[in-house]
Amino acid sequence: MARMVKLAVFTGCFALSKQIAVELSTLRVLQHLNVEPIVPRSVNCCGFAFRGLYPSMSLYLTGRLLASLTASDPDGILTLCNGCYLMLREAVHRLREDRRLLESVRSYLRDEGLELRGIPRIVHPVELLHDIVGTEVLKGIKRTGDNNVLVATHYGCHALRPSTVPSFDNSVNPSKMERIVEALGFRARDYPERLDCCGAVLLATNPSLAMKLAYSKISGTARWGFHLLVTTCPYCFEMLDARQEAVMQTFGDEPRLPVMLLTQLIGLQLGLSEGDVALNLNLSPVDKVLPQIVRR
Amino acid sequence: MVLEKLVEVSLETLRACYTCFKCIGVCPAGLRPNLFVKAYLSTVFRELRDVYEEIVTNSSLWSCAKCLKCVEVCPQKVPLNDVIEYLQREAAKRGLAPRAYQDMVENIMGTFLAFGSQTIVSRDGDFYTTGEARELLGLTPLPEPNKIEKFRERLKGLRSIG
């Protein structure tokens with residue numbers, strides 16, 4: 001096997017403070033996949049939420065992050081949240097294209113004792129699993145489940161869009177998450193709501209509209225007969241899993257779509273326990289699908 | 001400092017909009033992104049000033065979910081996200097920005113992060129603080145806000161630039 005890949009892991013504010021199963025399941029799974037994660041303690045917010053209001057502040061925050069996260073000279077930065085992923089891949093794209101901007105960010109950071117040496121590769125979890133670990137390795141991990149489980153993939157808006165900023169997959173017809181699900185021995189299928197928004201960004205400014213978008217996504221997905229939906233983004237996971245009951249009740253409906261993190265599903269396939277991937281923190285009806293995934 | 005002027009949308013790009021309404025079709029929030037383009041153009045074309053006024057003072061500006069579907073579907077590659085963000089800054093100059101963003105910035109100034117400790121609930125109905133849950137699962141504690149003064153000072157400076 002190729003040499004071990006060393007990645008700096010950027011968890012992001014929301015996964016650090018609320019959806020902690022994201023970081024836990026990622027770190028647990030990486031132990032088995034020949035990837036060495038480095039989790040720097042010196043991090044800051046990426047500035048996604050107010051990028052429109054304070055563009056300079058947001059660029060400073062992402063630049064500062066790039067400098068802190070590359071201090072250990074990793075092969076790339078693994079970004080667990082889609083919002084942070086967009087901010088970092090956009091910053092990297094911009095700094096590569098605009099030498100003057102790069103120099104000004106560098107000198108601004110230098111005043112703070114931070115050095116932005118090179119421009120790192122920004123890695124999305126799906127990209128890590130598909131392109132770096134590879135589906136052949138995933139095919140080889142222990143399978144404990146039933147291959148009739150039909151899985152809906154949810155990439156999340158900022159994993160793929162806008163296509164003007166390079167990403168890991170095709171923005172209108174991505175397929176890497178499906179290949180991963182299939183490598184794990186499950187079935188994946190396209191569905192009309194696949195690239196729809198979870199609504200999370202609106203929680204800060206228009207919560208009732210946020211609930212409406214989440215309802216449209218969850219109820220729309222559920223009607224196609226999926227046994228499970230998987231995602232990697234902590235915000236999408238919050239809307240689709242943690243808030244599913246509240247979302248469904250708001251529209252006189254009830255929770256019916258089991259939701260897991262992709263790394264939780266992989267962990268279970270590797271034979272990790274439910275506790276190892278913090279499955280007790282999933283609030284959607286995952287009990288409905290667990291017996292088909294974990295043979296007890 | 002060059003960091004000041006970052007987001008500029010060229011008028012040529014904006015004039016490329018021929019109101020095909022594809023952006024309206026894909027917007028999950030039911031917005032009319034083409035009107036945002038008109039509002040932006042009013043910085044040059046005075047006759048569009050009423051559209052500008054309506055948009056900047058209208059709450060629809062804050063109902064954008066940032067899903068970026070309009071950007072993707074635009075046949076003329078108009079960067080509608082940049083347009084919306086520009087108009088949001090214009091609204092902010094009039095004190096119309098939602099308080100939530102200010103709160104996040106304040107949090108970052110105090111802790112480096114946008115959010116403090118949260119309540120985490122398990123499926124069995126147990127409640128944990130972020131710190132308790134992270135410790136229980138063997139995750140590192142949240143970053144300490146050590147040596148944050150310089151960082152805070154810089155954020156204040158950058159906030160005043162807008």
# chains A, B, ... in the order shown; residues from 1 in each chain; ligands from 1
$ select_by_dssp --residues "region 88-257 of chain A" --states "strand (DSSP E or B)" --output "count of residues only"
12
$ closest_atom_pairs --of "chain A" --to "chain B" --cutoff "6 Å" --atoms "only C-alpha atoms" --output "JSON lines"
{"residue": "A:Cys13", "atom": "CA", "partner": "B:Leu113", "partner_atom": "CA", "distance": 5.6}
{"residue": "A:Ser17", "atom": "CA", "partner": "B:Thr130", "partner_atom": "CA", "distance": 5.6}
{"residue": "A:Lys18", "atom": "CA", "partner": "B:Gln118", "partner_atom": "CA", "distance": 6.0}
{"residue": "A:Arg41", "atom": "CA", "partner": "B:Pro143", "partner_atom": "CA", "distance": 5.6}
{"residue": "A:Asn44", "atom": "CA", "partner": "B:Phe112", "partner_atom": "CA", "distance": 4.6}
{"residue": "A:Cys45", "atom": "CA", "partner": "B:Leu113", "partner_atom": "CA", "distance": 4.9}
{"residue": "A:Gly52", "atom": "CA", "partner": "B:Glu85", "partner_atom": "CA", "distance": 4.3}
{"residue": "A:Leu53", "atom": "CA", "partner": "B:Arg89", "partner_atom": "CA", "distance": 5.1}
{"residue": "A:Tyr54", "atom": "CA", "partner": "B:Gly162", "partner_atom": "CA", "distance": 5.0}
{"residue": "A:Ser56", "atom": "CA", "partner": "B:Leu3", "partner_atom": "CA", "distance": 5.4}
{"residue": "A:Met57", "atom": "CA", "partner": "B:Leu158", "partner_atom": "CA", "distance": 5.3}
{"residue": "A:Cys157", "atom": "CA", "partner": "B:Cys67", "partner_atom": "CA", "distance": 5.4}
{"residue": "A:Cys197", "atom": "CA", "partner": "B:Cys67", "partner_atom": "CA", "distance": 5.9}
{"residue": "A:Val201", "atom": "CA", "partner": "B:Ala65", "partner_atom": "CA", "distance": 5.5}
{"residue": "A:Leu202", "atom": "CA", "partner": "B:Ala65", "partner_atom": "CA", "distance": 5.5}
{"residue": "A:Ala204", "atom": "CA", "partner": "B:Ala100", "partner_atom": "CA", "distance": 5.8}
{"residue": "A:Asn280", "atom": "CA", "partner": "B:Arg123", "partner_atom": "CA", "distance": 5.5}
{"residue": "A:Leu281", "atom": "CA", "partner": "B:Ser122", "partner_atom": "CA", "distance": 4.5}
{"residue": "A:Leu283", "atom": "CA", "partner": "B:Arg123", "partner_atom": "CA", "distance": 5.5}
$ select_by_dssp --residues "region 46-121 of chain B" --states "alpha helix (DSSP H)" --output "PyMOL selection string"
chain B and resi 49-57+69-73+80-93+99-111
$ atom_distance --atom1 "CA of Arg243 (chain A)" --atom2 "CA of Val286 (chain A)"
13.8 Å
$ atom_distance --atom1 "CA of Leu48 (chain B)" --atom2 "CA of Cys74 (chain B)"
21.6 Å
$ closest_residue --among "A:Leu229, A:Val289, A:Val39, A:Val9" --to "Cys81 (chain A)" --atoms "only C-alpha atoms"
A:Val9
$ residues_around --residues "region 161-171 of chain A" --least-positions-apart "2" --cutoff "12 Å" --atoms "only C-alpha atoms" --output "PyMOL selection string"
(chain A and resi 82-83+85-97+121-132+155-159+173-179+194-197) or (chain B and resi 66-74+77-82)
$ atom_distance --atom1 "CA of Ile77 (chain A)" --atom2 "CA of Ala8 (chain A)"
4.8 Å
$ residues_around --residues "Ser104 (chain A)" --least-positions-apart "2" --cutoff "12 Å" --atoms "only C-alpha atoms" --output "PyMOL selection string"
(chain A and resi 56+59-60+63+95+98-102+106-111+116) or (chain B and resi 1-4)
$ decode --residues "region 46-65 of chain A" --atoms "C-alpha atoms" --output "PDB file, in the first residue's frame"
ATOM      1  CA  CYS A  46     -13.891  30.229   8.659  1.00  0.00           C
ATOM      2  CA  GLY A  47     -16.178  33.271   8.367  1.00  0.00           C
ATOM      3  CA  PHE A  48     -18.747  31.560   6.132  1.00  0.00           C
ATOM      4  CA  ALA A  49     -21.927  32.909   7.727  1.00  0.00           C
ATOM      5  CA  PHE A  50     -21.074  36.597   7.306  1.00  0.00           C
ATOM      6  CA  ARG A  51     -18.927  36.328   4.177  1.00  0.00           C
ATOM      7  CA  GLY A  52     -21.307  38.688   2.403  1.00  0.00           C
ATOM      8  CA  LEU A  53     -21.317  41.315   5.133  1.00  0.00           C
ATOM      9  CA  TYR A  54     -17.613  41.303   5.949  1.00  0.00           C
ATOM     10  CA  PRO A  55     -15.678  39.916   2.976  1.00  0.00           C
ATOM     11  CA  SER A  56     -12.305  41.178   4.211  1.00  0.00           C
ATOM     12  CA  MET A  57     -12.843  39.695   7.653  1.00  0.00           C
ATOM     13  CA  SER A  58     -13.856  36.379   6.117  1.00  0.00           C
ATOM     14  CA  LEU A  59     -10.769  36.296   3.910  1.00  0.00           C
ATOM     15  CA  TYR A  60      -8.566  37.085   6.905  1.00  0.00           C
ATOM     16  CA  LEU A  61     -10.197  34.262   8.890  1.00  0.00           C
ATOM     17  CA  THR A  62      -9.716  31.726   6.076  1.00  0.00           C
ATOM     18  CA  GLY A  63      -6.157  32.922   5.417  1.00  0.00           C
ATOM     19  CA  ARG A  64      -5.347  32.580   9.106  1.00  0.00           C
ATOM     20  CA  LEU A  65      -6.800  29.086   9.066  1.00  0.00           C
TER      21      LEU A  65
END
